[in-house]
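Here is the structure we will look at, set down as structure tokens.
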Amino acid sequence: MRLRDSDNAVTLASPSIEELQLRGISRTVAEIHWLLLILVLVYLTFGDYSQDVEPAISAGSFFYAAFVMSFRYAFFFTQESRAKIAIETWAMLAFITWTLAFSGGLSSPLLSSYLLPIITSALTLGRVVTLFEVAVVAACQVWLGGSAAPGSLFSLAFAGATAAQMAPVILVAYIVTLFSSDIQFGLNRARLLAETDDLTGVLNTRGFAIAATRAIGQSIRYKRPATLLMIDSDDLKAVNDAHGHDTGNRLLRQVAQISKSELRLTDVFARYGGDEFIVLLPETPPKGALIVAERIRAMMENSPLDAGGQRVTCTLSIGVATFPDDGQSLDSLVARADRAMYHAKSSGKNKVVQYSELHSEPA
């Protein structure tokens, strides 16, 4: 389905911002996997280590590469999610710990590799998961330093040495988590601006497309009714011509405010463009939708607009189409609610018309 957004069209099938973020993060995680393997390969090629540990490190690298290939590129694991990324960070931790165990433990030049899963987690999985992974890294480092006498594990010197070793990991986790929060705030703000109509503060057609597609999908899946209202101001052009565009803008804001006052939090309300608004009422049969539409129409008629000291009565024409009776998709519901709305305007305005009242046609 495509909805108007000024001169542009918005495709409902386009991926959401969340999906695009996950795809981008997933590509970065894939590169981190291969960079980690390359780092270990470089160590095996040029590092100073005992030859008897090479089979163990090579075997670990082989199984880690097999995990990445199967988990990331096999057909049944292609769906991106934060849970998948979390599993990948745990695999990184396991592979790094295995490699360090055979390459010198805490004295290994690969010790700083622990920063890779920590950074990945801090950027994508949030503070709680990252804090837990930092604790796991600390436990792994204590295990890798297991040559210390058991009694010294609780000594002040051992605690200080462990804290010094963990300080870079903790600092990186903290800073990256802060950056991630700031980035997420900026993305959420940009998403809000991209999906909100500047004039009225309600959703624009892009925001409606995203929310309504999800809502109508639930109705289709569970065979529940849903109704779509197309609302048009009968008087915007006359108000603009007689009182100026500022008054016309106030009229649009009033339509939005009155409509919102009669809707539930679960209803999807948006400015459709120009003087038209659109509403999706989930879990709402025709009778209930007609009651809501009539309340909106009556309240608008009984709320004159103050136009430079004059009281101007403004009215609405509303078209109604219901799933599944009037259409089997969001596309068809929009088209038929639009047709019912234009019939309301052409037959005298200031009325609510249901599509099924016009004539019957295949959904």
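In the structure tokens, each chain is lettered A, B, ... as it comes, each chain's residues begin at 1, and ligands are numbered from 1 in order of appearance.
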Exercise for the section: Would you list, as a PyMOL selection string, the residues of range 127-350 of chain A that end up in helix (DSSP H, G or I) under DSSP run on this structure's backbone? Expected result: chain A and resi 127-144+150-154+156-194+205-222+236-243+245-261+286-301+330-346
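Counting only C-alpha atoms, Tyr222 in chain A has the following residues at most 12 Å away, ignoring those fewer than 6 positions along the same chain: Ala215, Ile216, Pro282, Glu283, Phe323 and Pro324 of chain A.
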Fill in the blank from the handout: Counting only C-alpha atoms, the residue among A:Val129, A:Ser26, A:Ser356, A:Pro109 that lies closest to Gly327 in chain A is A:Ser356
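Between Ala321 in chain A and the residues A:Ala226, A:Leu22, A:Ala163, A:Leu252, the shortest atom-to-atom distance, using only C-alpha atoms, involves A:Ala226.
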Practice task
Name the residues in contact with Thr200 in chain A at a cut-off of 9 Å, using only C-alpha atoms, excluding same-chain residues fewer than 5 positions from it; report them as an MDAnalysis selection string.
Solution key: chainID A and resid 249:250 252:257 271
Report as a compact mmCIF listing (two decimals) with all heavy atoms, in the first residue's frame all protein, DNA and RNA residues lying within 6 Å of range 339-351 of chain A, evaluated on only C-alpha atoms, omitting residues in the same chain fewer than 5 positions from it.
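Full text of out16.txt as output:
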```
# COMPACT_ATOMS: atom_id res chain seq x y z
N THR A 315 -17.47 22.28 9.97
CA THR A 315 -18.02 20.92 10.00
C THR A 315 -17.07 19.92 9.35
O THR A 315 -16.10 20.30 8.70
CB THR A 315 -19.38 20.87 9.28
OG1 THR A 315 -19.20 21.25 7.91
CG2 THR A 315 -20.38 21.82 9.94
N LEU A 316 -17.40 18.65 9.54
CA LEU A 316 -16.58 17.56 9.02
C LEU A 316 -17.43 16.59 8.21
O LEU A 316 -18.60 16.35 8.54
CB LEU A 316 -15.92 16.79 10.17
CG LEU A 316 -15.00 17.56 11.11
CD1 LEU A 316 -14.57 16.65 12.26
CD2 LEU A 316 -13.79 18.10 10.37
N SER A 317 -16.83 16.03 7.18
CA SER A 317 -17.41 14.91 6.45
C SER A 317 -16.53 13.69 6.72
O SER A 317 -15.30 13.77 6.59
CB SER A 317 -17.46 15.20 4.95
OG SER A 317 -18.34 16.26 4.68
N ILE A 318 -17.17 12.58 7.11
CA ILE A 318 -16.41 11.41 7.54
C ILE A 318 -16.88 10.18 6.78
O ILE A 318 -18.08 9.89 6.71
CB ILE A 318 -16.57 11.18 9.06
CG1 ILE A 318 -16.14 12.43 9.84
CG2 ILE A 318 -15.76 9.97 9.50
CD1 ILE A 318 -16.34 12.33 11.34
N GLY A 319 -15.90 9.46 6.21
CA GLY A 319 -16.18 8.19 5.56
C GLY A 319 -15.72 7.04 6.43
O GLY A 319 -14.69 7.13 7.10
```
Each residue of range 193-240 of chain A lying at most 6 Å from range 272-278 of chain A should get a row with its shortest atom-to-atom pair and the distance in Å to one decimal, counting only C-alpha atoms; could you produce that, ordered by chain and increasing number, as JSON lines?
```
{"residue": "A:Thr205", "atom": "CA", "partner": "A:Tyr272", "partner_atom": "CA", "distance": 5.7}
{"residue": "A:Leu229", "atom": "CA", "partner": "A:Ile278", "partner_atom": "CA", "distance": 5.7}
{"residue": "A:Met230", "atom": "CA", "partner": "A:Ile278", "partner_atom": "CA", "distance": 4.7}
{"residue": "A:Ile231", "atom": "CA", "partner": "A:Phe277", "partner_atom": "CA", "distance": 5.0}
{"residue": "A:Asp232", "atom": "CA", "partner": "A:Glu276", "partner_atom": "CA", "distance": 4.4}
{"residue": "A:Ser233", "atom": "CA", "partner": "A:Asp275", "partner_atom": "CA", "distance": 5.6}
```
If you keep N, CA and C atoms, can you produce a file of those selected residues as a compact mmCIF listing (two decimals), in the first residue's frame?
```txt
# COMPACT_ATOMS: atom_id res chain seq x y z
N THR A 205 1.68 10.62 7.44
CA THR A 205 1.35 9.39 6.72
C THR A 205 2.40 8.30 6.91
N LEU A 229 -11.55 5.42 9.55
CA LEU A 229 -12.29 6.66 9.33
C LEU A 229 -11.45 7.61 8.48
N MET A 230 -12.06 8.19 7.47
CA MET A 230 -11.42 9.26 6.70
C MET A 230 -12.18 10.55 7.02
N ILE A 231 -11.48 11.52 7.58
CA ILE A 231 -12.10 12.76 8.07
C ILE A 231 -11.62 13.93 7.22
N ASP A 232 -12.55 14.72 6.73
CA ASP A 232 -12.21 15.87 5.89
C ASP A 232 -12.90 17.12 6.43
N SER A 233 -12.15 18.21 6.51
CA SER A 233 -12.74 19.49 6.93
C SER A 233 -13.51 20.09 5.76
```
Completion exercise
Computed gap from CA of Tyr355 in chain A to CA of Ala335 in chain A is 10.0 Å
Handout entry: Using only C-alpha atoms: which of A:Val279, A:Leu178, A:Ala167, A:Val128 has the shortest distance to Val202 in chain A
Key = A:Val279
Exercise for the section: Mind giving me the straight-line distance from CA of Arg27 in chain A to CA of Ile85 in chain A in Å, one decimal? Expected result: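 Distance reported for this atom pair: 10.7 Å.
Between CA of Gln354 in chain A and CA of Arg214 in chain A lies a distance of 23.7 Å.
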Exercise for the section: May I have the residues within 9 Å of Leu281 in chain A as number ranges by chain, using only C-alpha atoms and disregarding those fewer than 3 positions away in the same chain? Expected result: A: 215, 225-229, 263-264, 266-269, 284-285, 289
